[in-house]
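*Asks:* Structure supplied as model.cif; contents: mmCIF, C-alpha atoms.
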```cif
data_query
#
loop_
_atom_site.label_atom_id
_atom_site.label_comp_id
_atom_site.auth_asym_id
_atom_site.auth_seq_id
_atom_site.Cartn_x
_atom_site.Cartn_y
_atom_site.Cartn_z
CA MET P 88 8.72 -50.39 42.66
CA PRO P 89 6.10 -47.88 41.87
CA HIS P 90 5.76 -44.33 40.59
CA LYS P 91 4.30 -41.57 42.67
CA CYS P 92 2.08 -38.74 41.46
CA LEU P 93 3.96 -35.47 41.84
CA ASN P 94 0.78 -33.54 42.49
CA CYS P 95 -1.18 -35.51 45.08
CA GLY P 96 1.39 -38.06 46.16
CA LYS P 97 -0.68 -41.10 45.22
CA THR P 98 1.45 -44.15 44.70
CA LEU P 99 0.73 -46.08 41.52
CA GLU P 100 1.07 -49.74 41.02
CA GLU P 101 3.82 -51.00 38.79
CA GLU P 102 3.07 -50.62 35.05
CA SER P 103 -0.19 -48.88 35.89
CA ASP P 104 -2.19 -47.44 32.98
CA GLU P 105 -2.40 -44.24 35.00
CA LEU P 106 1.19 -43.49 33.92
CA MET P 107 -0.15 -42.91 30.43
CA GLU P 108 -3.65 -41.70 31.18
CA GLY P 109 -3.03 -39.55 34.24
CA CYS P 110 -3.46 -39.99 37.97
CA SER P 111 -6.87 -41.45 38.77
CA ASN P 112 -6.96 -39.28 41.87
CA CYS P 113 -6.10 -35.82 40.52
CA GLY P 114 -5.65 -36.23 36.76
CA GLN P 115 -2.04 -34.93 36.60
CA LYS P 116 0.47 -36.65 34.35
CA LEU P 117 3.70 -35.92 36.18
CA PHE P 118 5.07 -38.88 38.13
CA VAL P 119 8.36 -39.69 39.72
CA PHE P 120 9.90 -43.14 39.90
CA GLU P 121 10.50 -43.85 43.53
CA GLY P 122 12.65 -46.94 43.44
CA ASP P 123 13.03 -48.59 46.79
CA LYS P 124 13.03 -45.56 49.03
CA SER P 125 10.09 -43.29 49.41
CA LEU P 126 10.30 -39.61 48.45
CA SER P 127 10.35 -36.99 51.16
CA ASP P 128 8.05 -33.98 50.81
CA LYS P 129 11.11 -31.74 50.35
CA ASP P 130 12.47 -33.88 47.52
CA ARG P 131 9.07 -33.92 45.92
CA ASP P 132 8.80 -30.12 46.03
CA THR P 133 12.25 -29.75 44.45
CA ILE P 134 11.34 -32.14 41.65
CA VAL P 135 8.01 -30.40 41.05
CA GLN P 136 9.83 -27.06 40.84
CA ASP P 137 12.45 -28.43 38.42
CA VAL P 138 9.81 -29.96 36.16
CA GLU P 139 7.71 -26.80 36.20
CA GLU P 140 10.74 -24.70 35.29
CA PHE P 141 11.60 -27.08 32.49
CA MET P 142 8.05 -26.90 31.15
CA GLU P 143 8.04 -23.12 31.35
CA ASN P 144 11.30 -22.88 29.39
CA LEU P 145 9.90 -25.22 26.80
CA GLU P 146 6.80 -23.06 26.42
CA GLU P 147 8.91 -19.92 26.10
CA GLU P 148 11.01 -21.57 23.41
CA GLU P 149 7.89 -22.61 21.55
CA GLU P 150 6.53 -19.06 21.81
CA ALA P 151 9.80 -17.66 20.47
CA LYS P 152 9.75 -20.10 17.56
CA LYS P 153 6.15 -19.19 16.80
CA ARG P 154 6.95 -15.47 16.87
CA LEU P 155 9.93 -15.99 14.55
CA LYS P 156 7.75 -17.97 12.17
CA GLU P 157 5.12 -15.24 12.16
CA ALA P 158 7.76 -12.57 11.53
CA MET P 159 9.07 -14.56 8.58
CA GLU P 160 5.65 -15.22 7.17
CA PHE P 161 4.85 -11.55 7.20
CA ASP P 162 8.13 -10.48 5.56
CA LEU P 163 6.23 -10.39 2.31
CA GLU P 164 6.20 -7.04 0.73
CA SER P 165 8.39 -6.29 -2.27
CA ILE P 166 7.37 -2.63 -2.18
CA LYS P 167 6.28 -0.67 0.86
CA VAL P 168 4.44 2.60 0.42
CA GLU P 169 5.58 4.68 3.37
CA GLU P 170 3.52 7.67 2.25
CA PRO P 171 2.33 8.78 -1.19
CA GLY P 172 5.49 9.27 -3.24
CA VAL P 173 7.81 7.46 -0.83
CA TYR P 174 8.50 3.85 -1.71
CA GLU P 175 10.77 1.35 -0.04
CA ILE P 176 11.83 -1.44 -2.38
CA ASN P 177 12.85 -4.89 -1.19
CA LEU P 178 15.26 -5.93 -3.95
CA ARG P 179 15.79 -9.40 -2.57
CA LYS P 180 12.06 -10.11 -2.71
CA LEU P 181 11.73 -8.69 -6.21
CA LEU P 182 14.62 -10.82 -7.41
CA GLU P 183 13.04 -13.97 -5.99
CA GLU P 184 10.35 -13.75 -8.68
CA ILE P 185 7.51 -13.86 -6.23
CA PRO P 186 4.34 -11.96 -7.07
CA LEU P 187 4.66 -8.23 -6.66
CA ILE P 188 3.34 -7.49 -3.19
CA VAL P 189 2.78 -3.93 -2.12
CA GLU P 190 2.24 -3.02 1.51
CA MET P 191 0.03 0.05 1.47
CA LYS P 192 0.06 0.60 5.19
CA GLU P 193 0.96 -1.44 8.24
CA GLY P 194 -0.51 -4.88 7.70
CA GLU P 195 -2.41 -4.06 4.50
CA TYR P 196 -1.03 -5.95 1.51
CA TYR P 197 -1.94 -5.88 -2.14
CA ILE P 198 -0.84 -8.75 -4.33
CA TYR P 199 -0.45 -7.91 -7.97
CA LEU P 200 -1.63 -11.13 -9.56
CA PRO P 201 -0.47 -10.68 -13.18
CA SER P 202 3.10 -10.49 -11.85
CA ALA P 203 2.60 -13.96 -10.41
CA PHE P 204 1.52 -15.49 -13.69
CA SER P 205 3.56 -13.73 -16.32
CA LYS P 206 7.28 -13.27 -15.97
CA ASP P 207 7.35 -11.54 -19.33
CA ARG P 208 4.82 -8.89 -18.47
CA LYS P 209 6.70 -5.68 -19.03
CA ASN P 210 4.17 -3.16 -17.93
CA ILE P 211 3.68 -3.41 -14.19
CA ARG P 212 0.87 -1.03 -13.34
CA ILE P 213 1.65 0.19 -9.89
CA ASP P 214 -1.14 2.68 -10.56
CA ASP P 215 -3.57 -0.18 -10.04
CA LEU P 216 -2.40 -0.48 -6.52
CA VAL P 217 -1.70 3.00 -5.29
CA MET E 159 16.95 -26.91 -18.14
CA LEU E 160 13.89 -25.94 -20.19
CA GLU E 161 15.00 -22.32 -20.13
CA ARG E 162 18.44 -23.30 -21.42
CA LEU E 163 16.88 -25.40 -24.17
CA LYS E 164 14.62 -22.52 -25.16
CA LYS E 165 17.62 -20.20 -25.25
CA LEU E 166 19.55 -22.67 -27.36
CA LEU E 167 16.68 -23.09 -29.81
CA SER E 168 16.05 -19.37 -30.09
CA GLY E 169 19.80 -19.04 -30.60
CA LEU E 170 19.69 -21.52 -33.47
CA PHE E 171 16.57 -20.25 -35.17
CA GLY E 172 16.21 -16.69 -33.97
CA ASN E 173 18.42 -13.68 -34.45
CA LYS E 174 21.27 -15.13 -32.50
CA ASP E 175 23.66 -12.35 -33.38
CA GLN E 176 21.65 -9.75 -31.52
CA ILE E 177 23.08 -9.81 -28.03
CA LYS E 178 20.94 -8.07 -25.43
CA LEU E 179 23.34 -5.96 -23.41
CA GLY E 180 21.74 -4.43 -20.31
CA ILE E 181 23.19 -1.39 -18.60
CA TYR E 182 22.46 -1.67 -14.88
CA GLY E 183 23.41 0.21 -11.74
CA PRO E 184 22.13 2.58 -9.08
CA PRO E 185 20.56 5.91 -10.11
CA ASN E 186 22.85 8.72 -11.23
CA THR E 187 25.89 6.62 -12.05
CA GLY E 188 25.85 7.73 -15.69
CA LYS E 189 24.12 4.79 -17.35
CA THR E 190 22.28 6.92 -19.89
CA THR E 191 25.38 9.00 -20.64
CA LEU E 192 27.24 5.74 -21.27
CA ALA E 193 24.41 4.32 -23.41
CA ASN E 194 24.41 7.55 -25.42
CA ARG E 195 28.18 7.36 -26.00
CA ILE E 196 28.03 3.76 -27.21
CA SER E 197 24.98 4.40 -29.37
CA GLU E 198 26.39 7.62 -30.80
CA GLU E 199 29.70 5.97 -31.65
CA PHE E 200 28.20 2.99 -33.49
CA THR E 201 24.85 4.22 -34.81
CA GLY E 202 25.30 7.97 -34.93
CA GLU E 203 22.30 8.57 -32.67
CA GLU E 204 21.86 9.11 -28.97
CA MET E 205 19.40 6.99 -26.93
CA GLY E 206 17.87 9.08 -24.16
CA SER E 207 18.21 12.19 -22.13
CA ALA E 208 20.63 12.21 -19.21
CA SER E 209 20.13 14.47 -16.23
CA GLU E 210 21.53 15.28 -12.83
CA VAL E 211 18.14 14.51 -11.31
CA PRO E 212 18.18 10.87 -10.15
CA HIS E 213 15.80 8.39 -11.80
CA GLU E 214 15.73 10.38 -15.03
CA THR E 215 15.38 7.08 -16.90
CA ARG E 216 12.20 5.52 -15.57
CA ALA E 217 11.46 3.04 -18.35
CA VAL E 218 13.80 0.71 -20.24
CA GLN E 219 15.31 2.48 -23.27
CA LYS E 220 16.22 0.27 -26.21
CA LYS E 221 18.50 0.77 -29.16
CA GLU E 222 18.43 -2.09 -31.61
CA LYS E 223 21.20 -3.24 -33.88
CA VAL E 224 24.18 -1.48 -32.39
CA ASP E 225 27.14 -3.03 -34.22
CA LEU E 226 30.05 -2.62 -31.89
CA LYS E 227 33.52 -2.99 -33.39
CA SER E 228 36.83 -3.31 -31.61
CA ASP E 229 40.20 -4.79 -32.62
CA GLY E 230 38.76 -6.14 -35.87
CA LYS E 231 35.97 -8.00 -34.07
CA GLU E 232 32.34 -7.04 -34.34
CA ILE E 233 29.26 -7.90 -32.31
CA SER E 234 25.71 -6.87 -32.99
CA MET E 235 23.74 -5.82 -29.93
CA ASN E 236 20.46 -4.54 -28.66
CA LEU E 237 21.50 -1.96 -26.12
CA LEU E 238 19.19 -1.64 -23.11
CA ASP E 239 19.52 1.36 -20.83
CA MET E 240 17.84 0.41 -17.55
CA PRO E 241 16.20 2.59 -14.92
CA GLY E 242 18.46 3.03 -11.88
CA ILE E 243 17.98 0.41 -9.20
CA SER E 244 17.53 1.62 -5.66
CA THR E 245 15.99 0.39 -2.42
CA LYS E 246 14.13 3.60 -1.72
CA VAL E 247 12.47 6.23 -3.89
CA ASP E 248 11.41 9.42 -2.14
CA TYR E 249 9.63 12.23 -3.99
CA LYS E 250 11.37 14.78 -1.73
CA GLU E 251 14.59 14.03 -3.60
CA PHE E 252 12.94 15.39 -6.75
CA VAL E 253 11.49 18.37 -4.90
CA ASP E 254 15.07 19.20 -3.84
CA HIS E 255 15.91 19.41 -7.55
CA GLY E 256 13.20 22.03 -8.07
CA ILE E 257 10.39 19.77 -9.28
CA ASP E 258 6.96 20.61 -7.85
CA GLU E 259 5.47 18.23 -5.32
CA ASP E 260 2.71 16.70 -7.44
CA GLU E 261 5.03 15.99 -10.34
CA ALA E 262 7.66 14.67 -7.91
CA LYS E 263 5.16 12.13 -6.55
CA VAL E 264 4.31 10.95 -10.08
CA ARG E 265 8.03 10.63 -10.84
CA SER E 266 8.52 8.68 -7.67
CA LYS E 267 5.85 6.18 -8.66
CA GLU E 268 7.30 5.87 -12.16
CA ALA E 269 10.79 5.36 -10.76
CA THR E 270 9.54 2.56 -8.49
CA LYS E 271 7.85 0.96 -11.47
CA GLY E 272 11.16 1.37 -13.34
CA VAL E 273 13.03 -0.60 -10.67
CA VAL E 274 10.53 -3.47 -11.02
CA GLU E 275 10.85 -3.34 -14.80
CA ALA E 276 14.67 -3.34 -14.70
CA ILE E 277 14.65 -6.37 -12.43
CA LYS E 278 12.20 -8.24 -14.66
CA TRP E 279 14.56 -7.66 -17.59
CA LEU E 280 17.35 -9.49 -15.75
CA ASP E 281 15.78 -12.71 -17.04
CA LYS E 282 16.11 -11.59 -20.64
CA VAL E 283 19.50 -9.93 -20.97
CA ASP E 284 22.51 -11.87 -22.30
CA ALA E 285 25.21 -9.72 -20.72
CA VAL E 286 25.37 -6.76 -18.38
CA LEU E 287 27.44 -3.67 -17.80
CA VAL E 288 27.17 -2.70 -14.14
CA VAL E 289 27.88 1.01 -13.92
CA PHE E 290 29.36 2.58 -10.78
CA ASP E 291 29.92 6.19 -9.84
CA SER E 292 33.64 6.18 -9.00
CA THR E 293 33.10 8.84 -6.34
CA ASP E 294 30.69 6.63 -4.35
CA ASP E 295 31.30 3.81 -1.90
CA PRO E 296 30.85 0.60 -3.94
CA TYR E 297 29.74 -1.56 -0.97
CA THR E 298 26.03 -0.94 -1.15
CA GLN E 299 23.08 -3.27 -0.82
CA VAL E 300 22.06 -2.52 -4.41
CA ASN E 301 25.46 -3.37 -5.89
CA VAL E 302 26.00 -6.50 -3.84
CA THR E 303 22.46 -7.78 -4.51
CA ILE E 304 22.57 -7.14 -8.25
CA LEU E 305 26.04 -8.63 -8.74
CA GLY E 306 25.14 -11.70 -6.66
CA ASN E 307 22.00 -12.24 -8.69
CA LEU E 308 23.74 -11.84 -12.06
CA GLU E 309 26.44 -14.26 -10.98
CA ALA E 310 23.83 -16.81 -9.87
CA LYS E 311 22.19 -16.53 -13.30
CA ASP E 312 25.56 -17.00 -14.98
CA ILE E 313 25.26 -13.76 -16.96
CA PRO E 314 28.57 -12.24 -18.14
CA ILE E 315 29.32 -9.00 -16.30
CA ILE E 316 31.66 -6.09 -16.88
CA LEU E 317 32.05 -3.58 -14.07
CA VAL E 318 32.29 -0.04 -15.37
CA ALA E 319 33.71 2.54 -12.98
CA ASN E 320 32.34 5.75 -14.47
CA LYS E 321 32.98 9.45 -13.79
CA THR E 322 36.78 9.07 -13.59
CA ASP E 323 37.05 12.70 -14.75
CA LEU E 324 35.94 13.85 -11.29
CA GLU E 325 38.66 14.79 -8.86
CA GLU E 326 37.36 12.65 -5.99
CA ALA E 327 36.96 9.54 -8.22
CA ASP E 328 38.41 6.34 -6.78
CA PRO E 329 37.84 3.61 -9.40
CA GLU E 330 40.37 1.31 -7.70
CA SER E 331 38.03 0.96 -4.71
CA ILE E 332 35.46 -0.63 -7.03
CA LYS E 333 38.01 -3.02 -8.48
CA ASP E 334 39.12 -3.96 -4.96
CA ALA E 335 35.55 -4.42 -3.74
CA PHE E 336 34.62 -6.90 -6.48
CA PRO E 337 37.93 -8.31 -7.79
CA GLN E 338 36.38 -11.40 -9.42
CA TYR E 339 34.75 -9.49 -12.30
CA ASN E 340 35.97 -7.93 -15.55
CA PHE E 341 36.62 -4.29 -14.86
CA THR E 342 37.20 -1.06 -16.70
CA GLN E 343 37.27 2.58 -15.69
CA ILE E 344 35.92 5.32 -17.94
CA SER E 345 34.45 8.76 -18.15
CA ALA E 346 31.46 8.43 -20.47
CA LYS E 347 30.94 12.18 -20.29
CA GLU E 348 34.52 13.02 -21.32
CA LYS E 349 34.85 9.93 -23.56
CA GLU E 350 37.88 8.71 -21.64
CA ASN E 351 39.09 5.11 -22.03
CA MET E 352 36.00 4.10 -24.06
CA ASP E 353 38.19 1.92 -26.34
CA ASP E 354 39.10 -0.26 -23.39
CA LEU E 355 35.39 -0.74 -22.61
CA TYR E 356 34.62 -1.67 -26.25
CA ARG E 357 37.50 -4.16 -26.24
CA LYS E 358 36.22 -5.75 -23.04
CA ILE E 359 32.70 -5.97 -24.47
CA VAL E 360 33.75 -7.82 -27.64
CA GLU E 361 36.04 -10.08 -25.61
CA ASN E 362 33.63 -11.01 -22.84
CA VAL E 363 30.09 -10.63 -24.05
#
```
Could you write out this file's structure as structure tokens?

*Replies:*
Amino acid sequence: MPHKCLNCGKTLEEESDELMEGCSNCGQKLFVFEGDKSLSDKDRDTIVQDVEEFMENLEEEEEAKKRLKEAMEFDLESIKVEEPGVYEINLRKLLEEIPLIVEMKEGEYYIYLPSAFSKDRKNIRIDDLV
Amino acid sequence: MLERLKKLLSGLFGNKDQIKLGIYGPPNTGKTTLANRISEEFTGEEMGSASEVPHETRAVQKKEKVDLKSDGKEISMNLLDMPGISTKVDYKEFVDHGIDEDEAKVRSKEATKGVVEAIKWLDKVDAVLVVFDSTDDPYTQVNVTILGNLEAKDIPIILVANKTDLEEADPESIKDAFPQYNFTQISAKEKENMDDLYRKIVENV
């Protein structure tokens, strides 16, 4: 027995391509398998609500993951210049042997390239950056 | 692997007897005073000037060919007094010690540079003394990070609880905090228990 479009209620034929491509009537891609008994309007509304909630949660989770990823990507600076003469040093970052990255002010980063290419370079010139 | 091979080769063909001993720790724990004691004892000369103002040492100080003797054993070292490692350098700290603002800001920049330099040297030292102020809480981000990193690099470490001459000193708290490492307690300033430190250096370095 067929599927029914959750949006407009159109009944699809068995194994219809519309299941994959979307309802030919309204374009939606949410269908419910009806089995032998037809779906009452009330049941349909409940299912639509459940699916919408599920989709919303999924979107929120995706958003949260994206935000976390962004936060991690921007955890870059090995030295933060809070104001002239006040420096916050991220030891963990410095120890990871990444290039020396100085955050001059919110969102403004300077990457000290020689520190990326030469581990032996003794004379880091922070003066170049500040 | 390549690094190890390089080390092995430089050990075979280079001056393998010169062990690079780095003195690490937070600012104001007495690293320079300790370096001066060791250097004075075995070379007759001091290394640098110690001060109550934090970050007095802002560039790596080196003393080559320090031949340390203890219990009939002798090792030849390059002694490296490192700038103090901290997570924040604020020029106001220097202003509080009577240094004028402009100079304090320059010092602050130099001290930050010193932290970077000290960390870069971690790749080159053969052994490390980690110096603690016995009157301070040992569980700090700096201490935990440095010790963890040295351990990961497989560098021999001796913990040195300094300033035991002070009344409020609690060297045991350092031993308890990091029980897995070689440990000694000294007063570099008063030259207390230095023989034990020398013994531990020749035994473990």

*Asks:* For the structure shown, which residues end up in the PyMOL selection byres ((chain E) within 8 of (chain P))? Put them as a list in words, please?

*Replies:*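 This file, filtered by the PyMOL selection byres ((chain E) within 8 of (chain P)), leaves Ser244, Thr245, Lys246, Val247, Asp248, Tyr249, Ala262, Lys263, Val264, Ser266, Lys267, Thr270, Lys271, Val274, Glu275, Ile277, Lys278, Val300, Thr303 and Asn307 of chain E.
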
*Asks:* Report the distance between CA of Arg216 (chain E) and CA of Gly242 (chain E) in Å, rounded to one decimal place.

*Replies:*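 Going from CA of Arg216 (chain E) over to CA of Gly242 (chain E) covers 7.7 Å.
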
*Asks:* The PyMOL selection byres ((chain E and resi 292) around 10) - which residues does that actually catch in the file I just gave you? List them as a ChimeraX atom specification.

*Replies:* /E:187,289-291,293-296,318-332,343-345

*Asks:* To one decimal place in Å, what is the distance between CA of Val119 (chain P) and CA of Lys97 (chain P)?

*Replies:*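 Interatomic distance, CA of Val119 (chain P) to CA of Lys97 (chain P): 10.7 Å.
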
*Asks:* Output the residue selection produced by the PyMOL selection byres ((chain E and resi 233) around 12) on the file above, formatted as a PyMOL selection string.

*Replies:* chain E and resi 174-179+200+223-232+234-237+356-363

*Asks:* Using all atoms listed in the file, find the one residue out of E:Gly206, E:Gly256, E:Pro212, E:Gly272 that sits nearest to Ala193 (chain E).

*Replies:* E:Gly206

*Asks:* If we count all atoms listed in the file, what is near region 100-105 of chain P at a cut-off of 12 Å, once residues fewer than 6 positions away on the same chain are taken out, given as a list in words?

*Replies:*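 What passes the distance filter is Met88, Pro89, His90, Lys91, Cys92, Ser111, Asn112, Cys113, Gly114, Gln115, Lys116, Leu117, Phe118, Phe120, Glu121 and Gly122 of chain P.
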
*Asks:* CA of Lys347 (chain E) to CA of Thr191 (chain E): how many Å, to one decimal?

*Replies:*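 Taking CA of Lys347 (chain E) and CA of Thr191 (chain E), their separation equals 6.4 Å.
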
*Asks:* So, with all atoms listed in the file as the atoms that count, which of E:Leu192, E:Asp254, E:Asp312, E:Leu287 lies closest to Glu204 (chain E)?

*Replies:*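 Of all the options, E:Leu192 lies closest to Glu204 (chain E).
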
*Asks:* With the input short on atoms, add N, CA and C atoms back to region 133-154 of chain P and write it as an mmCIF file, in the coordinates of the input.

*Replies:*
```
data_model
loop_
_atom_site.group_PDB
_atom_site.id
_atom_site.type_symbol
_atom_site.label_atom_id
_atom_site.label_comp_id
_atom_site.auth_asym_id
_atom_site.auth_seq_id
_atom_site.Cartn_x
_atom_site.Cartn_y
_atom_site.Cartn_z
ATOM 1 N N THR P 133 11.127 -30.128 45.320
ATOM 2 C CA THR P 133 12.250 -29.750 44.450
ATOM 3 C C THR P 133 12.005 -30.279 43.037
ATOM 4 N N ILE P 134 11.568 -31.535 42.971
ATOM 5 C CA ILE P 134 11.340 -32.140 41.650
ATOM 6 C C ILE P 134 10.211 -31.391 40.921
ATOM 7 N N VAL P 135 9.137 -31.112 41.661
ATOM 8 C CA VAL P 135 8.010 -30.400 41.050
ATOM 9 C C VAL P 135 8.493 -29.058 40.482
ATOM 10 N N GLN P 136 9.310 -28.364 41.277
ATOM 11 C CA GLN P 136 9.830 -27.060 40.840
ATOM 12 C C GLN P 136 10.672 -27.191 39.566
ATOM 13 N N ASP P 137 11.568 -28.207 39.580
ATOM 14 C CA ASP P 137 12.450 -28.430 38.420
ATOM 15 C C ASP P 137 11.626 -28.705 37.162
ATOM 16 N N VAL P 138 10.628 -29.584 37.322
ATOM 17 C CA VAL P 138 9.810 -29.960 36.160
ATOM 18 C C VAL P 138 9.031 -28.752 35.653
ATOM 19 N N GLU P 139 8.486 -27.971 36.603
ATOM 20 C CA GLU P 139 7.710 -26.800 36.200
ATOM 21 C C GLU P 139 8.586 -25.787 35.442
ATOM 22 N N GLU P 140 9.801 -25.611 35.964
ATOM 23 C CA GLU P 140 10.740 -24.700 35.290
ATOM 24 C C GLU P 140 11.046 -25.173 33.872
ATOM 25 N N PHE P 141 11.283 -26.496 33.788
ATOM 26 C CA PHE P 141 11.600 -27.080 32.490
ATOM 27 C C PHE P 141 10.443 -26.861 31.507
ATOM 28 N N MET P 142 9.222 -27.076 32.004
ATOM 29 C CA MET P 142 8.050 -26.900 31.150
ATOM 30 C C MET P 142 7.879 -25.442 30.722
ATOM 31 N N GLU P 143 8.151 -24.546 31.656
ATOM 32 C CA GLU P 143 8.040 -23.120 31.350
ATOM 33 C C GLU P 143 9.017 -22.715 30.243
ATOM 34 N N ASN P 144 10.279 -23.187 30.405
ATOM 35 C CA ASN P 144 11.300 -22.880 29.390
ATOM 36 C C ASN P 144 10.883 -23.395 28.017
ATOM 37 N N LEU P 145 10.323 -24.595 28.049
ATOM 38 C CA LEU P 145 9.900 -25.220 26.800
ATOM 39 C C LEU P 145 8.822 -24.363 26.127
ATOM 40 N N GLU P 146 7.882 -23.899 26.948
ATOM 41 C CA GLU P 146 6.800 -23.060 26.420
ATOM 42 C C GLU P 146 7.343 -21.761 25.845
ATOM 43 N N GLU P 147 8.308 -21.167 26.576
ATOM 44 C CA GLU P 147 8.910 -19.920 26.100
ATOM 45 C C GLU P 147 9.602 -20.123 24.753
ATOM 46 N N GLU P 148 10.321 -21.265 24.668
ATOM 47 C CA GLU P 148 11.010 -21.570 23.410
ATOM 48 C C GLU P 148 10.012 -21.711 22.264
ATOM 49 N N GLU P 149 8.929 -22.408 22.553
ATOM 50 C CA GLU P 149 7.890 -22.610 21.550
ATOM 51 C C GLU P 149 7.304 -21.267 21.097
ATOM 52 N N GLU P 150 7.056 -20.401 22.087
ATOM 53 C CA GLU P 150 6.530 -19.060 21.810
ATOM 54 C C GLU P 150 7.478 -18.294 20.892
ATOM 55 N N ALA P 151 8.783 -18.379 21.242
ATOM 56 C CA ALA P 151 9.800 -17.660 20.470
ATOM 57 C C ALA P 151 9.824 -18.163 19.032
ATOM 58 N N LYS P 152 9.734 -19.502 18.904
ATOM 59 C CA LYS P 152 9.750 -20.100 17.560
ATOM 60 C C LYS P 152 8.538 -19.641 16.758
ATOM 61 N N LYS P 153 7.385 -19.595 17.457
ATOM 62 C CA LYS P 153 6.150 -19.190 16.800
ATOM 63 C C LYS P 153 6.244 -17.735 16.324
ATOM 64 N N ARG P 154 6.817 -16.903 17.216
ATOM 65 C CA ARG P 154 6.950 -15.470 16.870
ATOM 66 C C ARG P 154 7.850 -15.304 15.661
#
```
